[in-house]
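Reading through the structure tokens given below for one structure.
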Amino acid sequence: MSSDGFLLPLRLFVGFRQLIDGVHAELAREGHPELRPLHGFVFQAIGRDGTTAVDLGKRLGVSKQAAGKTLDGLERLGYVERSTDPHDARRKLVRLTDRGVEVLTRSAQIFDELRAEWAARIGADRLDELERDLVTVTGAEAFRLDVPGWFGG
């Protein structure tokens, strides 16, 4: 193995990309070919309780306009819906539809299946150790939702 420092982020990114591509390939086979990796971050940022376009933009690290454009597309596809906030009529809430929740749930299942494939390739103990080591060097925060804005900015 090379100890060139620039290879570490590339190897980590390739692993990330393989997992994300695997999820999206399976989702496409199951009837969701229009979904892209960005949408997974959007679904996570909306969550089960919903959010506003302004808050979504902040969570994703993008403008309100960029968040709104993404939501427009997801609404047309039936993954999200907008409604008036019952506590503040000036605000519009965005929530996942049943279809959106289904995709979020199914994505988690596919990630578990892909993780099991990795465990079969390198061994469950080694994969557990790899995950523990990554937590040690990156911190306990599971993920940051601002990746779309970070990549785009």
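Labels for the structure tokens follow display order: chains A, B, ..., residues from 1 in each chain, ligands from 1.
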
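By only C-alpha atoms, and with residues fewer than 3 positions from segment 93-106 of chain A along its chain excluded, the set lying at most 8 Å from it is A:Leu27, A:Gly40, A:Phe43, A:Gln44, A:Ile46, A:Gly47, A:Arg48, A:Asp49, A:Gly50, A:Thr51, A:Thr52, A:Ala53, A:Gly78, A:Tyr79, A:Val80, A:Glu81, A:Arg82, A:Ser83, A:Thr84, A:Asp85, A:Gln109, A:Ile110.
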
>> Neighbouring residues of Val42 of chain A were defined as those with any atom within 8 Å, considering only C-alpha atoms; residues of the same chain fewer than 3 positions away were excluded. Please report them as JSON, numbers by chain.
In response: {"A": [38, 39, 45, 46, 56, 60]}

Can I get the selected residues back with C-alpha atoms, as an mmCIF file, in the first residue's frame?
```
data_model
loop_
_atom_site.group_PDB
_atom_site.id
_atom_site.type_symbol
_atom_site.label_atom_id
_atom_site.label_comp_id
_atom_site.auth_asym_id
_atom_site.auth_seq_id
_atom_site.Cartn_x
_atom_site.Cartn_y
_atom_site.Cartn_z
ATOM 1 C CA LEU A 38 -28.486 14.670 -3.769
ATOM 2 C CA HIS A 39 -32.026 13.487 -3.114
ATOM 3 C CA ALA A 45 -32.647 16.835 5.880
ATOM 4 C CA ILE A 46 -36.449 16.871 5.601
ATOM 5 C CA LEU A 56 -33.659 22.816 4.257
ATOM 6 C CA LEU A 60 -27.850 21.339 2.972
#
```

> Which distance in Å separates atom CA of Leu74 of chain A and atom CA of Gly22 of chain A, to one decimal?
Replying inline: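 Going from atom CA of Leu74 of chain A over to atom CA of Gly22 of chain A covers 20.9 Å.
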
> If you run DSSP on the backbone, which residues of chain A are alpha helix (DSSP H), as a count of residues only?
Replying inline: 100

> Near Val147 of chain A, counting only C-alpha atoms, which residues have an atom at most 9 Å away, once you skip same-chain residues fewer than 2 positions from it, shown as number ranges by chain?
Replying inline: A: 38, 41, 60-61, 144-145, 149-152

> Given the choices A:Val54, A:Leu130, A:Leu10, A:Val135, which gets closest to Trp118 of chain A if the distance is worked out from only C-alpha atoms?
Replying inline: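 Closest to Trp118 of chain A of all the choices is A:Leu130.
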
>> So that I can check the surroundings of Gln18 of chain A, please list as a list in words every protein, DNA and RNA residue that reaches within 12 Å of it, counting only C-alpha atoms and ignoring chain neighbours fewer than 2 positions away.
In response: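 Using only C-alpha atoms, the neighbours found are Arg11, Leu12, Phe13, Val14, Gly15, Phe16, Ile20, Asp21, Gly22, Val23, His24, Ala25, Pro37, Phe111, Leu114, Arg115, Glu117 and Trp118 of chain A.
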
Using N, CA and C atoms, can you export the residues from the last selection as a short mmCIF file (atom, residue, chain, number, x, y, z; two decimals), in the first residue's frame?
```cif
data_model
loop_
_atom_site.label_atom_id
_atom_site.label_comp_id
_atom_site.auth_asym_id
_atom_site.auth_seq_id
_atom_site.Cartn_x
_atom_site.Cartn_y
_atom_site.Cartn_z
N ARG A 11 -9.47 7.04 -1.73
CA ARG A 11 -9.97 5.70 -1.39
C ARG A 11 -11.28 5.79 -0.59
N LEU A 12 -11.33 6.71 0.35
CA LEU A 12 -12.56 6.90 1.13
C LEU A 12 -13.71 7.32 0.22
N PHE A 13 -13.42 8.22 -0.72
CA PHE A 13 -14.46 8.68 -1.63
C PHE A 13 -14.93 7.55 -2.55
N VAL A 14 -14.00 6.72 -3.02
CA VAL A 14 -14.38 5.60 -3.89
C VAL A 14 -15.31 4.65 -3.13
N GLY A 15 -15.00 4.38 -1.86
CA GLY A 15 -15.88 3.53 -1.05
C GLY A 15 -17.25 4.16 -0.89
N PHE A 16 -17.29 5.45 -0.58
CA PHE A 16 -18.54 6.19 -0.45
C PHE A 16 -19.33 6.10 -1.76
N ILE A 20 -23.07 4.51 -2.46
CA ILE A 20 -24.15 5.37 -2.95
C ILE A 20 -24.64 4.88 -4.31
N ASP A 21 -23.71 4.55 -5.20
CA ASP A 21 -24.10 4.04 -6.52
C ASP A 21 -24.87 2.73 -6.39
N GLY A 22 -24.46 1.88 -5.44
CA GLY A 22 -25.17 0.63 -5.22
C GLY A 22 -26.60 0.85 -4.76
N VAL A 23 -26.80 1.78 -3.87
CA VAL A 23 -28.15 2.11 -3.40
C VAL A 23 -29.00 2.61 -4.56
N HIS A 24 -28.44 3.52 -5.35
CA HIS A 24 -29.24 4.11 -6.43
C HIS A 24 -29.50 3.13 -7.57
N ALA A 25 -28.58 2.23 -7.81
CA ALA A 25 -28.83 1.20 -8.83
C ALA A 25 -30.00 0.31 -8.40
N PRO A 37 -28.09 11.00 -5.93
CA PRO A 37 -27.52 11.07 -4.58
C PRO A 37 -27.93 12.31 -3.79
N PHE A 111 -28.53 -0.11 2.22
CA PHE A 111 -27.23 0.14 2.85
C PHE A 111 -26.83 -1.02 3.75
N LEU A 114 -25.62 -3.78 1.51
CA LEU A 114 -24.29 -3.48 0.98
C LEU A 114 -23.22 -3.63 2.06
N ARG A 115 -23.55 -3.21 3.27
CA ARG A 115 -22.61 -3.38 4.38
C ARG A 115 -22.32 -4.86 4.60
N GLU A 117 -22.40 -7.16 2.37
CA GLU A 117 -21.52 -7.60 1.28
C GLU A 117 -20.07 -7.23 1.58
N TRP A 118 -19.85 -6.03 2.10
CA TRP A 118 -18.49 -5.64 2.47
C TRP A 118 -17.97 -6.54 3.58
#
```

>> So the first atom is atom CA of Asp4 of chain A and the second is atom CA of Asp125 of chain A; what is the distance between them in Å, to one decimal place?
In response: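 Atom-to-atom, atom CA of Asp4 of chain A and atom CA of Asp125 of chain A are spaced 26.3 Å apart.
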